[in-house]
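Have a look at entry_15.cif below; it lists mmCIF, C-alpha atoms.
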data_final
#
loop_
_atom_site.label_atom_id
_atom_site.label_comp_id
_atom_site.auth_asym_id
_atom_site.auth_seq_id
_atom_site.Cartn_x
_atom_site.Cartn_y
_atom_site.Cartn_z
CA MET W 1 47.25 81.91 60.46
CA LYS W 2 48.46 85.35 61.45
CA LYS W 3 49.10 84.17 64.99
CA PHE W 4 51.29 81.30 63.84
CA GLY W 5 53.25 83.64 61.64
CA LYS W 6 54.14 85.73 64.67
CA VAL W 7 55.25 82.77 66.72
CA GLY W 8 57.43 81.68 63.83
CA ALA W 9 59.09 85.07 63.68
CA VAL W 10 59.85 84.99 67.38
CA LEU W 11 61.42 81.57 67.10
CA VAL W 12 63.60 82.70 64.25
CA THR W 13 64.85 85.65 66.28
CA LEU W 14 65.64 83.43 69.25
CA GLY W 15 67.48 81.02 66.98
CA ALA W 16 69.68 83.80 65.69
CA LEU W 17 70.37 84.97 69.22
CA SER W 18 71.48 81.61 70.46
CA ALA W 19 73.75 80.96 67.49
CA VAL W 20 75.76 84.11 67.85
CA ALA W 21 75.80 86.31 70.92
CA LEU W 22 74.90 89.84 69.93
CA ALA W 23 76.95 92.90 70.56
CA GLY W 24 75.00 95.52 72.35
CA GLY W 25 77.42 97.03 74.78
CA PRO W 26 76.04 98.35 78.06
CA VAL W 27 72.26 98.38 78.41
CA ASP W 28 70.64 101.82 78.42
CA GLN W 29 68.66 101.87 81.65
CA GLN W 30 68.72 103.64 84.99
CA LEU W 31 69.27 101.82 88.25
CA VAL W 32 66.96 103.08 90.98
CA ILE W 33 67.00 100.93 94.09
CA ASP W 34 63.60 100.35 95.73
CA GLY W 35 62.25 103.13 93.54
CA GLU W 36 64.11 105.60 95.76
CA ILE W 37 67.87 105.61 95.55
CA GLU W 38 68.99 106.91 92.16
CA MET W 39 72.29 105.25 91.42
CA ILE W 40 75.11 106.68 89.35
CA THR W 41 76.01 103.78 87.09
CA ARG W 42 77.49 105.79 84.22
CA THR W 43 79.61 108.86 84.61
CA GLU W 44 82.33 110.90 82.98
CA ALA W 45 85.75 109.36 83.56
CA PRO W 46 88.24 111.16 85.81
CA ASP W 47 91.20 113.01 84.23
CA GLY W 48 93.83 110.70 82.82
CA HIS W 49 91.43 107.74 82.46
CA PRO W 50 91.87 105.76 79.24
CA LEU W 51 88.09 105.55 78.65
CA ASP W 52 85.66 108.47 78.21
CA GLU W 53 82.91 107.03 80.33
CA VAL W 54 82.98 104.89 83.44
CA ILE W 55 80.22 102.27 83.47
CA SER W 56 79.08 99.93 86.20
CA GLY W 57 79.07 96.17 85.60
CA TRP W 58 75.32 96.30 86.29
CA HIS W 59 74.73 97.55 82.71
CA TYR W 60 76.25 94.41 81.21
CA ARG W 61 74.11 91.90 83.06
CA THR W 62 70.79 90.39 81.94
CA GLY W 63 67.47 92.06 82.66
CA GLU W 64 66.73 89.47 85.34
CA THR W 65 70.03 90.03 87.14
CA ARG W 66 69.63 93.80 86.92
CA ALA W 67 66.14 93.59 88.40
CA LEU W 68 67.41 91.59 91.39
CA GLU W 69 69.76 94.41 92.31
CA ALA W 70 67.09 97.07 91.94
CA ASP W 71 65.01 95.60 94.76
CA THR W 72 66.50 95.20 98.23
CA PHE W 73 64.09 92.41 99.12
CA GLU W 74 64.91 90.47 95.98
CA ASN W 75 68.67 91.01 96.20
CA PRO W 76 70.07 87.68 97.47
CA GLY W 77 73.19 89.47 98.73
CA MET W 78 71.14 91.26 101.40
CA LEU W 79 70.93 88.07 103.43
CA PHE W 80 74.70 88.25 103.87
CA VAL W 81 74.56 91.94 104.67
CA GLU W 82 72.22 91.02 107.53
CA GLN W 83 74.77 88.47 108.71
CA GLY W 84 77.32 91.27 108.57
CA GLU W 85 75.09 93.34 110.83
CA ALA W 86 75.01 90.50 113.36
CA ALA W 87 78.83 90.38 113.23
CA TRP W 88 78.96 94.13 113.82
CA ASN W 89 77.09 93.67 117.08
CA LYS W 90 78.92 90.55 118.25
CA ILE W 91 81.29 90.84 121.19
CA GLU W 92 84.65 89.28 120.44
CA GLY W 93 88.20 89.34 121.83
CA THR W 94 89.78 89.98 125.20
CA GLU W 95 88.41 93.53 125.53
CA GLY W 96 84.80 92.32 125.58
CA LYS W 97 83.82 94.71 122.81
CA SER W 98 81.90 94.59 119.55
CA CYS W 99 82.28 97.00 116.66
CA ALA W 100 79.10 98.66 117.89
CA SER W 101 80.66 99.28 121.33
CA CYS W 102 82.81 101.99 119.79
CA HIS W 103 81.15 102.85 116.48
CA GLY W 104 77.51 102.65 117.57
CA ASP W 105 74.92 102.69 114.83
CA ALA W 106 76.69 101.83 111.57
CA SER W 107 74.09 103.63 109.49
CA GLU W 108 75.47 106.83 111.01
CA SER W 109 79.10 106.09 111.85
CA MET W 110 79.85 104.21 108.62
CA ALA W 111 77.71 106.26 106.19
CA GLY W 112 79.79 107.13 103.14
CA ILE W 113 82.97 105.58 104.61
CA GLY W 114 83.12 102.52 102.34
CA ALA W 115 83.18 104.77 99.26
CA GLN W 116 86.59 106.17 100.34
CA TYR W 117 88.49 102.87 100.50
CA PRO W 118 91.28 101.90 99.93
CA LYS W 119 92.66 104.62 102.23
CA TRP W 120 96.19 105.51 103.20
CA ASP W 121 97.14 103.90 106.53
CA ALA W 122 99.96 105.86 108.14
CA ASP W 123 100.61 103.13 110.73
CA SER W 124 101.53 100.45 108.21
CA GLY W 125 102.74 102.92 105.58
CA LYS W 126 100.45 101.25 103.03
CA PRO W 127 96.94 101.58 101.67
CA ILE W 128 94.34 99.45 103.45
CA ASN W 129 90.93 98.27 102.32
CA VAL W 130 87.82 97.69 104.43
CA GLU W 131 88.83 94.08 105.13
CA LEU W 132 92.17 95.20 106.54
CA GLN W 133 90.61 98.06 108.52
CA ILE W 134 88.29 95.51 110.14
CA ASN W 135 91.32 93.43 111.07
CA LYS W 136 93.10 96.50 112.37
CA CYS W 137 90.23 97.26 114.74
CA ARG W 138 89.97 93.61 115.75
CA THR W 139 93.62 93.35 116.70
CA GLU W 140 94.23 96.86 118.05
CA ASN W 141 90.90 97.71 119.63
CA MET W 142 89.22 94.41 120.50
CA GLY W 143 92.00 92.01 121.39
CA ALA W 144 90.69 89.63 118.73
CA GLU W 145 92.42 87.63 116.00
CA PRO W 146 92.48 89.11 112.48
CA LEU W 147 90.00 87.38 110.16
CA PRO W 148 91.60 85.17 107.50
CA PHE W 149 90.91 86.04 103.85
CA ASP W 150 87.25 85.47 102.93
CA LYS W 151 86.58 83.65 106.22
CA GLY W 152 85.02 84.19 109.61
CA GLY W 153 82.44 86.66 108.32
CA GLN W 154 84.97 88.93 106.59
CA LYS W 155 82.93 89.21 103.38
CA GLU W 156 79.68 89.75 105.27
CA LEU W 157 81.05 92.45 107.56
CA THR W 158 82.77 94.18 104.63
CA ALA W 159 79.51 94.08 102.67
CA TYR W 160 77.62 95.49 105.67
CA ILE W 161 80.05 98.40 105.99
CA LYS W 162 80.07 99.15 102.26
CA HIS W 163 76.29 98.87 102.12
CA GLN W 164 76.14 101.91 104.44
CA SER W 165 77.49 103.86 101.43
CA LEU W 166 74.83 102.60 99.00
CA GLY W 167 74.48 105.29 96.32
CA THR W 168 77.52 107.30 97.44
CA PRO W 169 79.98 107.96 94.59
CA VAL W 170 83.32 106.18 94.87
CA SER W 171 86.00 108.72 95.68
CA ILE W 172 89.45 107.84 96.97
CA ASP W 173 92.10 110.25 98.19
CA LEU W 174 95.19 109.77 96.07
CA ASP W 175 96.97 112.72 97.67
CA ALA W 176 97.27 111.03 101.04
CA GLY W 177 100.60 109.51 102.03
CA ASP W 178 102.23 107.59 99.23
CA MET W 179 99.00 106.67 97.43
CA GLN W 180 100.32 108.00 94.12
CA SER W 181 103.06 105.42 93.87
CA TRP W 182 100.62 102.62 94.78
CA TRP W 183 98.30 103.88 92.06
CA LYS W 184 101.20 103.79 89.64
CA LYS W 185 102.15 100.26 90.66
CA GLY W 186 98.51 99.21 90.30
CA GLU W 187 98.42 100.65 86.80
CA GLU W 188 101.46 98.57 85.93
CA VAL W 189 99.80 95.40 87.23
CA TYR W 190 96.66 96.25 85.24
CA TYR W 191 98.51 96.41 81.94
CA THR W 192 100.86 93.47 82.53
CA ARG W 193 100.02 90.43 80.45
CA THR W 194 99.99 87.27 82.50
CA GLY W 195 99.87 83.54 82.00
CA GLN W 196 99.97 81.17 79.10
CA LEU W 197 97.07 83.06 77.50
CA ASN W 198 99.12 86.24 77.66
CA LEU W 199 96.31 88.63 78.61
CA SER W 200 96.15 91.71 80.84
CA CYS W 201 93.15 93.19 82.61
CA ALA W 202 93.06 95.76 79.81
CA SER W 203 92.84 93.05 77.10
CA CYS W 204 89.39 92.16 78.35
CA HIS W 205 88.02 95.07 80.37
CA GLU W 206 89.45 98.05 78.47
CA GLN W 207 89.77 96.89 74.86
CA ASN W 208 86.74 94.61 74.86
CA ASN W 209 84.14 95.79 77.32
CA GLY W 210 80.73 95.50 75.69
CA ASN W 211 81.85 92.43 73.72
CA TYR W 212 80.98 88.86 74.46
CA ILE W 213 83.79 86.47 75.32
CA ARG W 214 82.00 83.20 74.64
CA ALA W 215 78.96 83.40 76.98
CA ASP W 216 80.21 86.28 79.11
CA HIS W 217 79.38 89.89 78.40
CA LEU W 218 82.55 91.78 79.29
CA SER W 219 82.19 94.81 81.53
CA GLN W 220 84.79 97.41 82.46
CA GLY W 221 85.65 95.34 85.53
CA ASN W 222 84.76 98.02 88.06
CA ILE W 223 84.56 97.21 91.76
CA ASN W 224 81.89 99.58 93.04
CA GLY W 225 79.55 96.65 93.69
CA PHE W 226 81.89 94.58 95.89
CA PRO W 227 81.55 92.33 97.69
CA THR W 228 79.11 91.27 94.98
CA TYR W 229 76.60 88.45 95.09
CA ARG W 230 77.37 85.99 92.30
CA LEU W 231 74.41 83.93 91.13
CA LYS W 232 76.74 81.26 89.72
CA GLN W 233 78.30 80.69 93.14
CA GLY W 234 75.30 81.58 95.29
CA ALA W 235 77.64 83.53 97.53
CA LEU W 236 79.33 86.85 98.12
CA VAL W 237 82.58 87.34 96.23
CA SER W 238 85.29 89.65 97.54
CA VAL W 239 87.37 91.98 95.37
CA HIS W 240 90.59 90.03 95.85
CA ASN W 241 88.85 86.76 95.09
CA ARG W 242 87.58 88.22 91.81
CA PHE W 243 91.03 89.61 90.93
CA ARG W 244 92.62 86.26 91.63
CA GLY W 245 89.98 84.46 89.56
CA CYS W 246 90.54 86.72 86.56
CA ILE W 247 94.32 86.29 86.80
CA ARG W 248 93.96 82.51 87.21
CA ASP W 249 91.87 82.42 84.03
CA THR W 250 94.86 83.67 82.05
CA ARG W 251 96.57 80.44 83.22
CA ALA W 252 98.90 82.28 85.57
CA GLU W 253 99.93 81.89 89.18
CA PHE W 254 98.01 84.49 91.18
CA PRO W 255 99.21 86.71 94.04
CA ALA W 256 98.06 86.26 97.63
CA ALA W 257 95.04 88.21 98.84
CA PHE W 258 96.08 91.53 100.43
CA SER W 259 99.56 91.23 98.89
CA ASP W 260 101.16 94.52 97.84
CA GLU W 261 100.43 93.63 94.24
CA LEU W 262 96.69 93.15 94.77
CA MET W 263 96.41 96.13 97.12
CA ALA W 264 98.02 98.32 94.43
CA LEU W 265 95.61 96.84 91.88
CA GLU W 266 92.67 97.59 94.18
CA VAL W 267 93.77 101.23 94.53
CA TYR W 268 94.08 101.57 90.76
CA VAL W 269 90.88 99.73 89.83
CA THR W 270 88.89 101.64 92.46
CA TRP W 271 90.13 104.87 90.89
CA ARG W 272 89.06 103.65 87.45
CA GLY W 273 85.51 103.45 88.82
CA SER W 274 85.59 106.92 90.42
CA GLY W 275 82.19 108.58 90.54
CA LEU W 276 80.13 105.38 90.32
CA SER W 277 77.73 104.77 93.19
CA VAL W 278 78.66 102.10 95.69
CA GLU W 279 76.26 99.23 94.84
CA THR W 280 77.19 96.75 97.54
CA PRO W 281 75.94 94.13 97.37
CA GLY W 282 75.91 94.27 93.56
CA VAL W 283 74.31 91.27 91.84
CA ARG W 284 76.29 89.61 89.07
CA GLN W 285 76.00 86.44 87.00
CA MET P 1 134.34 68.28 84.61
CA ILE P 2 132.82 71.20 82.77
CA GLY P 3 132.24 69.10 79.66
CA ARG P 4 130.41 66.51 81.68
CA ARG P 5 128.19 69.06 83.32
CA ILE P 6 127.19 70.49 79.98
CA LEU P 7 126.46 67.01 78.66
CA THR P 8 124.25 66.21 81.66
CA ALA P 9 122.43 69.49 81.22
CA SER P 10 121.77 68.94 77.54
CA LEU P 11 120.56 65.41 78.19
CA ALA P 12 118.15 66.76 80.77
CA CYS P 13 116.93 69.25 78.18
CA ALA P 14 116.42 66.60 75.56
CA ALA P 15 114.46 64.52 78.05
CA THR P 16 112.17 67.45 78.85
CA PHE P 17 111.52 68.15 75.21
CA SER P 18 110.75 64.58 74.29
CA VAL P 19 108.05 64.62 76.95
CA ALA P 20 106.53 67.94 75.94
CA PHE P 21 106.89 67.66 72.17
CA ALA P 22 106.65 64.43 70.22
CA SER P 23 109.61 63.63 68.01
CA GLY P 24 109.44 64.69 64.38
CA THR P 25 107.59 67.86 65.26
CA VAL P 26 109.03 71.34 65.18
CA ALA P 27 109.53 72.58 68.74
CA PRO P 28 107.81 75.91 69.46
CA ASP P 29 111.09 77.78 69.92
CA LYS P 30 112.28 76.51 66.54
CA VAL P 31 109.27 77.72 64.58
CA GLU P 32 110.21 80.48 62.15
CA ILE P 33 107.44 82.59 60.77
CA VAL P 34 108.69 84.25 57.57
CA ASP P 35 106.75 87.17 56.07
CA GLY P 36 103.68 86.27 58.09
CA ALA P 37 103.56 82.69 56.87
CA LEU P 38 104.59 79.18 57.91
CA GLU P 39 104.82 77.04 54.82
CA LEU P 40 105.85 73.74 56.36
CA SER P 41 103.63 71.56 58.48
CA LEU P 42 104.68 71.43 62.13
CA THR P 43 104.41 67.65 62.20
CA GLY P 44 104.52 66.28 58.67
CA THR P 45 101.24 64.50 59.42
CA PRO P 46 98.29 66.04 57.56
CA GLY P 47 95.81 67.79 59.83
CA ASP P 48 92.38 66.28 60.39
CA PRO P 49 89.67 68.89 59.79
CA VAL P 50 87.08 66.93 61.78
CA GLU P 51 89.31 66.88 64.85
CA GLY P 52 90.21 70.51 64.18
CA ARG P 53 86.56 71.50 64.25
CA LYS P 54 86.24 69.95 67.72
CA THR P 55 89.48 71.45 69.04
CA PHE P 56 88.30 74.84 67.78
CA ALA P 57 85.21 74.69 70.02
CA ASN P 58 86.68 72.83 73.01
CA ARG P 59 86.96 75.23 75.94
CA LYS P 60 89.99 73.43 77.33
CA LEU P 61 91.85 73.40 73.98
CA GLY P 62 91.44 76.00 71.24
CA ASN P 63 88.41 77.71 72.72
CA CYS P 64 88.51 79.80 69.56
CA LEU P 65 84.76 80.34 69.94
CA ALA P 66 85.48 82.39 73.06
CA CYS P 67 86.56 85.20 70.77
CA HIS P 68 85.32 84.29 67.28
CA ALA P 69 81.92 83.60 65.79
CA ILE P 70 81.71 81.11 62.93
CA SER P 71 78.50 80.07 61.10
CA ASP P 72 79.86 76.55 60.55
CA GLN P 73 79.38 75.83 64.27
CA LYS P 74 75.82 77.11 64.72
CA GLU P 75 75.07 74.19 67.03
CA GLN P 76 77.33 75.77 69.65
CA LEU P 77 75.33 78.12 71.83
CA PHE P 78 77.83 80.87 72.48
CA HIS P 79 80.20 82.57 70.05
CA GLY P 80 82.38 85.42 71.20
CA GLU P 81 83.03 88.73 69.46
CA VAL P 82 86.45 89.80 70.72
CA GLY P 83 87.99 88.87 67.34
CA PRO P 84 86.52 89.03 63.82
CA GLU P 85 83.97 86.49 62.51
CA LEU P 86 85.81 83.70 60.77
CA ASP P 87 83.31 83.00 57.99
CA GLY P 88 85.21 82.81 54.72
CA VAL P 89 88.55 82.95 56.52
CA ALA P 90 90.19 80.64 53.94
CA ASP P 91 89.33 83.14 51.20
CA ARG P 92 91.29 85.79 53.07
CA TRP P 93 94.33 83.84 54.21
CA SER P 94 96.43 81.04 52.72
CA GLU P 95 97.07 77.83 54.63
CA ALA P 96 100.60 79.00 55.48
CA GLU P 97 99.24 82.28 56.85
CA LEU P 98 96.53 80.54 58.85
CA ARG P 99 99.19 78.28 60.39
CA ALA P 100 101.23 81.33 61.36
CA ILE P 101 98.15 83.07 62.84
CA VAL P 102 97.34 80.08 65.05
CA VAL P 103 100.98 79.49 66.07
CA ASN P 104 101.69 83.08 67.07
CA SER P 105 99.32 85.75 65.82
CA LYS P 106 101.54 88.46 67.31
CA GLU P 107 103.92 87.94 64.40
CA LEU P 108 101.15 88.88 61.97
CA PHE P 109 99.00 91.40 63.73
CA SER P 110 100.83 93.25 66.47
CA GLU P 111 102.31 92.71 69.90
CA GLU P 112 99.10 94.29 71.15
CA THR P 113 96.72 91.69 69.79
CA VAL P 114 94.49 89.97 72.31
CA MET P 115 94.73 86.65 70.47
CA PRO P 116 97.00 84.18 72.31
CA GLY P 117 99.80 82.33 70.50
CA PHE P 118 98.69 78.71 70.50
CA TYR P 119 102.07 77.17 69.72
CA SER P 120 104.41 79.75 71.13
CA LEU P 121 106.49 80.29 74.23
CA ASP P 122 106.03 84.06 73.85
CA VAL P 123 103.66 84.19 76.84
CA GLY P 124 102.74 86.42 79.78
CA VAL P 125 104.45 86.65 83.18
CA ASN P 126 103.88 84.24 86.08
CA VAL P 127 102.70 81.35 83.92
CA ARG P 128 101.03 78.64 86.02
CA LYS P 129 103.83 76.38 87.22
CA ASP P 130 102.64 73.19 85.56
CA LEU P 131 102.37 75.02 82.21
CA ILE P 132 105.84 76.55 82.09
CA GLY P 133 107.52 75.71 78.78
CA LYS P 134 104.28 74.23 77.42
CA THR P 135 102.15 75.48 74.58
CA ILE P 136 98.35 75.84 74.62
CA LEU P 137 97.94 73.35 71.76
CA THR P 138 100.12 70.51 70.53
CA ALA P 139 101.65 70.76 67.07
CA GLN P 140 99.16 68.23 65.73
CA GLN P 141 96.20 70.10 67.22
CA VAL P 142 97.44 73.22 65.41
CA GLU P 143 97.64 71.24 62.15
CA ASP P 144 94.10 69.93 62.73
CA ILE P 145 92.75 73.44 63.29
CA VAL P 146 94.57 74.76 60.22
CA ALA P 147 93.09 71.91 58.17
CA TYR P 148 89.66 72.84 59.50
CA LEU P 149 90.13 76.56 58.78
CA THR P 150 91.14 75.90 55.17
CA THR P 151 87.64 74.42 54.64
CA ILE P 152 85.96 77.65 55.79
CA LYS P 153 85.21 79.32 52.45
CA GLU P 154 82.30 81.43 51.39
#
As C-alpha cells, what does this structure read like?
Amino acid sequence: MKKFGKVGAVLVTLGALSAVALAGGPVDQQLVIDGEIEMITRTEAPDGHPLDEVISGWHYRTGETRALEADTFENPGMLFVEQGEAAWNKIEGTEGKSCASCHGDASESMAGIGAQYPKWDADSGKPINVELQINKCRTENMGAEPLPFDKGGQKELTAYIKHQSLGTPVSIDLDAGDMQSWWKKGEEVYYTRTGQLNLSCASCHEQNNGNYIRADHLSQGNINGFPTYRLKQGALVSVHNRFRGCIRDTRAEFPAAFSDELMALEVYVTWRGSGLSVETPGVRQ
Amino acid sequence: MIGRRILTASLACAATFSVAFASGTVAPDKVEIVDGALELSLTGTPGDPVEGRKTFANRKLGNCLACHAISDQKEQLFHGEVGPELDGVADRWSEAELRAIVVNSKELFSEETVMPGFYSLDVGVNVRKDLIGKTILTAQQVEDIVAYLTTIKE
C-alpha cells in the first residue's frame, strides 16, 4: 500500500511539471570538467552591465545536457574538435604550409588566445573573430582561399582554437583601436526590436532569462561556449549562425555572417559574458 | 497626368489591401484603440471560441502559449512564463479590453512590453520581406481568440 502511494505522488508531480513549465531560473551547480577544470559559469558583471551577475547558458540546460559537457569523453562536440585538430595540421594553399607549420603545437601557441576574441585588426580597421583570423592566415600566410561561412571546416577549426582556452575567462580589449564604437554599435543592435514579432535580444535574454518561452528555458544568451554542440541539430553551431537564427525567429530578415552589424553584435555580446570561462565546445539543447 | 498617376497608385493600394485584408474588416492601420479598449468587432462576424482555443496554442498563429500558461489547455505540454498566467483573464478584463490587448498590447501596457501586437503594423525593423504590411493574425483569428478569452473565468 505504502509503495503505491509513493508512486502515485511521483506521477502527480510529473503531471504538474508537464502541464506548466516551472520557473527555476539558473540551476545551482558547479561545472567541473573531467573532475579537474573548475569552470567559471557565474560571475559578477563588468561595470556598466545591465545585469548584476553574468551566467553561462550551461546553467539553464537539463541535467543530462549539463552532464554531457562536464565529461570530455561524453561531449559530442569533441569529435568536431578532433576534426579541427586534423585541419590545423593539414597542408593547404600555394605556400605548402599548414597552421602547424608556423604556430606549432596549438596547446601552447593558442592557449588563452580564443578568450580574447573578437580583437581589433589594424589591417582591416575592424574587429575580427577567430573565423576571420583563420581566413586572414589562410589568405596572407598560406596562399589558400578563405573558408566560406560555416563551411570547409571553419566551425571545427574555430572550435579547436577556442578549446585551447577551455576554462580561461573571456576578456576582450575594448581599448584597442576603435573597439569602443563597435561595442556601442553592437549595443544598439542588441536593443533594436526586429521583425513582425517586434522583439530585441534584450526582450528574451535580458528581461526574461530564467523564464520558459514555451519549451525553451531562456538563458542570458552568452557566447562563451561557441561554437556549441547542439543536440537538436547534432552539429556544431557557430556564433553568427545562432545570432541569425534568433533574429530570424522574430520574423525579420537577418544580416549576413561577418557583416559589420553581426561583428558589432559579437563584440558587444562577448563583452556581456566577460569573466565566464570559455566552454568550447559547450553542449546545448 | 498627375491625377492619373495618383489614381493608378490608389488602385494599386486598394488591390493590395483586398488581398491582405478581407472586405468588411477593419484594416490594421484603421484600428483605433480608445482608452485601452476596442468596443467594435474587427469583422462583424462573431468570434468562434473553439477556433480561438486552437489559434491560441498553434505555434504558427497565436502561439500565446509561448509566453502564457493557462489551465484550460493542460493537454498542451509546454506553457511559457514570459507573460502572466491567463487563468481568470475574463474576470480582469472586458471583451473590449481583451480585443485591444490582442490587437496591440503596447497601447495598454507600454512600448516596452514583450508581447507582440497581433493585428498591428507597429512592428520591428527589417521585417521579413514576405510579411511586410501583414499582421500576425487575421482580423477573424483575433475575434476568435477574444471569444475564447472571454470564456476564461475563475
Practice task
Please identify every residue of chain P that has at least one atom no more than 12 Å from any atom of chain W, counting only C-alpha atoms, and report them as a ChimeraX atom specification.
Solution key: /P:57-85,104-106,111-137
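Here CA of Gly273 (chain W) stands at a distance of 8.8 Å from CA of Gly221 (chain W).
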Practice task
Show which residues sit within 12 Å of Asp260 (chain W), as a PyMOL selection string. Count all atoms listed in the file, and ignore same-chain residues fewer than 2 positions away.
Solution key: chain W and resi 124-129+181-183+185-186+189+240+255-258+262-267
Problem - Close residues, region 96-99 of chain P itself excluded, 7 Å, all atoms listed in the file, min 3 positions apart in chain, as a list in words - result: Gly36, Ala37, Leu38, Glu39, Trp93, Val102, Val103 and Val146 of chain P
Practice task
Evaluate the PyMOL selection byres ((chain P and resi 42) around 6) on the structure here and hand back the selected residues as a PyMOL selection string.
Solution key: chain P and resi 25-26+41+43+139
Practice task
Report as an NGL selection string the residues that result from applying the PyMOL selection byres ((chain P and resi 152) around 7) to the structure here.
Solution key: :P and (87-90 or 149-151 or 153-154)
Exercise for the section: Run through the PyMOL selection byres ((chain W and resi 26) around 6) on the given coordinates and return the selected residues as a list in words. Expected result: Gly25, Val27, His59, Tyr60 and Gly210 of chain W
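The shell of residues at most 12 Å from Gly234 (chain W), with only C-alpha atoms counted and near chain neighbours (fewer than 3 positions) removed, consists of Asn75, Pro76, Gly77, Leu79, Phe80, Thr228, Tyr229, Arg230, Leu231, Val237, Val283, Arg284 and Gln285 of chain W.
For Ala144 (chain W), the list of residues within 7 Å, based on only C-alpha atoms and with local chain neighbours fewer than 5 positions off taken out, reads Glu92, Gly93, Thr94, Arg138 and Thr139 of chain W.
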Problem - For Asp35 (chain P): contacts at 12 Å, all atoms listed in the file, fewer than 6 positions along chain excluded, given as number ranges by chain - result: P: 96-97, 100-101, 107-109
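Taking CA of Val81 (chain W) and CA of Tyr160 (chain W) as endpoints, the distance between them is 4.8 Å.
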Practice task
Provide the CA of Pro28 (chain P) to CA of Gly47 (chain P) distance in Å, to one decimal place.
Solution key: 17.4 Å
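Using only C-alpha atoms, the shortest contact distance between Thr41 (chain W) and any of W:Gly114, W:Gly57, W:Pro148, W:Gly282 is found at W:Gly57.
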Problem - Proximity to Tyr148 (chain P) - best of P:Thr45, P:Asp29, P:Val34, P:Arg53, all atoms listed in the file - result: P:Arg53
Please produce region 228-233 of chain W, completed to all heavy atoms, as an mmCIF file, in the frame of the given file.
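Once written, out-v7.cif looks like this:
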data_model
loop_
_atom_site.group_PDB
_atom_site.id
_atom_site.type_symbol
_atom_site.label_atom_id
_atom_site.label_comp_id
_atom_site.auth_asym_id
_atom_site.auth_seq_id
_atom_site.Cartn_x
_atom_site.Cartn_y
_atom_site.Cartn_z
ATOM 1 N N THR W 228 80.304 91.476 95.791
ATOM 2 C CA THR W 228 79.110 91.270 94.980
ATOM 3 C C THR W 228 78.521 89.897 95.281
ATOM 4 O O THR W 228 79.226 88.998 95.729
ATOM 5 C CB THR W 228 79.434 91.316 93.474
ATOM 6 O OG1 THR W 228 80.506 90.416 93.203
ATOM 7 C CG2 THR W 228 79.825 92.699 93.028
ATOM 8 N N TYR W 229 77.229 89.759 95.010
ATOM 9 C CA TYR W 229 76.600 88.450 95.090
ATOM 10 C C TYR W 229 76.667 87.823 93.712
ATOM 11 O O TYR W 229 76.174 88.407 92.745
ATOM 12 C CB TYR W 229 75.140 88.572 95.539
ATOM 13 C CG TYR W 229 74.473 87.220 95.632
ATOM 14 C CD1 TYR W 229 74.595 86.450 96.788
ATOM 15 C CD2 TYR W 229 73.763 86.697 94.559
ATOM 16 C CE1 TYR W 229 74.032 85.192 96.870
ATOM 17 C CE2 TYR W 229 73.185 85.435 94.629
ATOM 18 C CZ TYR W 229 73.326 84.688 95.789
ATOM 19 O OH TYR W 229 72.766 83.438 95.859
ATOM 20 N N ARG W 230 77.305 86.662 93.602
ATOM 21 C CA ARG W 230 77.370 85.990 92.300
ATOM 22 C C ARG W 230 76.367 84.848 92.257
ATOM 23 O O ARG W 230 76.425 83.912 93.044
ATOM 24 C CB ARG W 230 78.777 85.463 92.013
ATOM 25 C CG ARG W 230 79.638 86.511 91.350
ATOM 26 C CD ARG W 230 80.888 85.910 90.770
ATOM 27 N NE ARG W 230 80.690 85.443 89.402
ATOM 28 C CZ ARG W 230 81.645 84.812 88.711
ATOM 29 N NH1 ARG W 230 82.814 84.560 89.264
ATOM 30 N NH2 ARG W 230 81.416 84.433 87.473
ATOM 31 N N LEU W 231 75.462 84.942 91.264
ATOM 32 C CA LEU W 231 74.410 83.930 91.130
ATOM 33 C C LEU W 231 75.022 82.552 90.873
ATOM 34 O O LEU W 231 74.554 81.553 91.398
ATOM 35 C CB LEU W 231 73.476 84.319 89.980
ATOM 36 C CG LEU W 231 72.707 85.625 90.220
ATOM 37 C CD1 LEU W 231 72.184 86.192 88.913
ATOM 38 C CD2 LEU W 231 71.561 85.405 91.207
ATOM 39 N N LYS W 232 76.087 82.526 90.062
ATOM 40 C CA LYS W 232 76.740 81.260 89.720
ATOM 41 C C LYS W 232 77.225 80.536 90.974
ATOM 42 O O LYS W 232 77.181 79.327 91.061
ATOM 43 C CB LYS W 232 77.966 81.576 88.864
ATOM 44 C CG LYS W 232 78.048 80.786 87.569
ATOM 45 C CD LYS W 232 79.399 81.055 86.906
ATOM 46 C CE LYS W 232 79.210 81.683 85.540
ATOM 47 N NZ LYS W 232 80.492 82.120 84.950
ATOM 48 N N GLN W 233 77.733 81.302 91.943
ATOM 49 C CA GLN W 233 78.300 80.690 93.140
ATOM 50 C C GLN W 233 77.317 80.697 94.312
ATOM 51 O O GLN W 233 77.549 80.024 95.302
ATOM 52 C CB GLN W 233 79.583 81.432 93.547
ATOM 53 C CG GLN W 233 80.781 81.011 92.708
ATOM 54 C CD GLN W 233 81.827 82.102 92.594
ATOM 55 O OE1 GLN W 233 81.819 82.891 91.660
ATOM 56 N NE2 GLN W 233 82.725 82.158 93.567
#
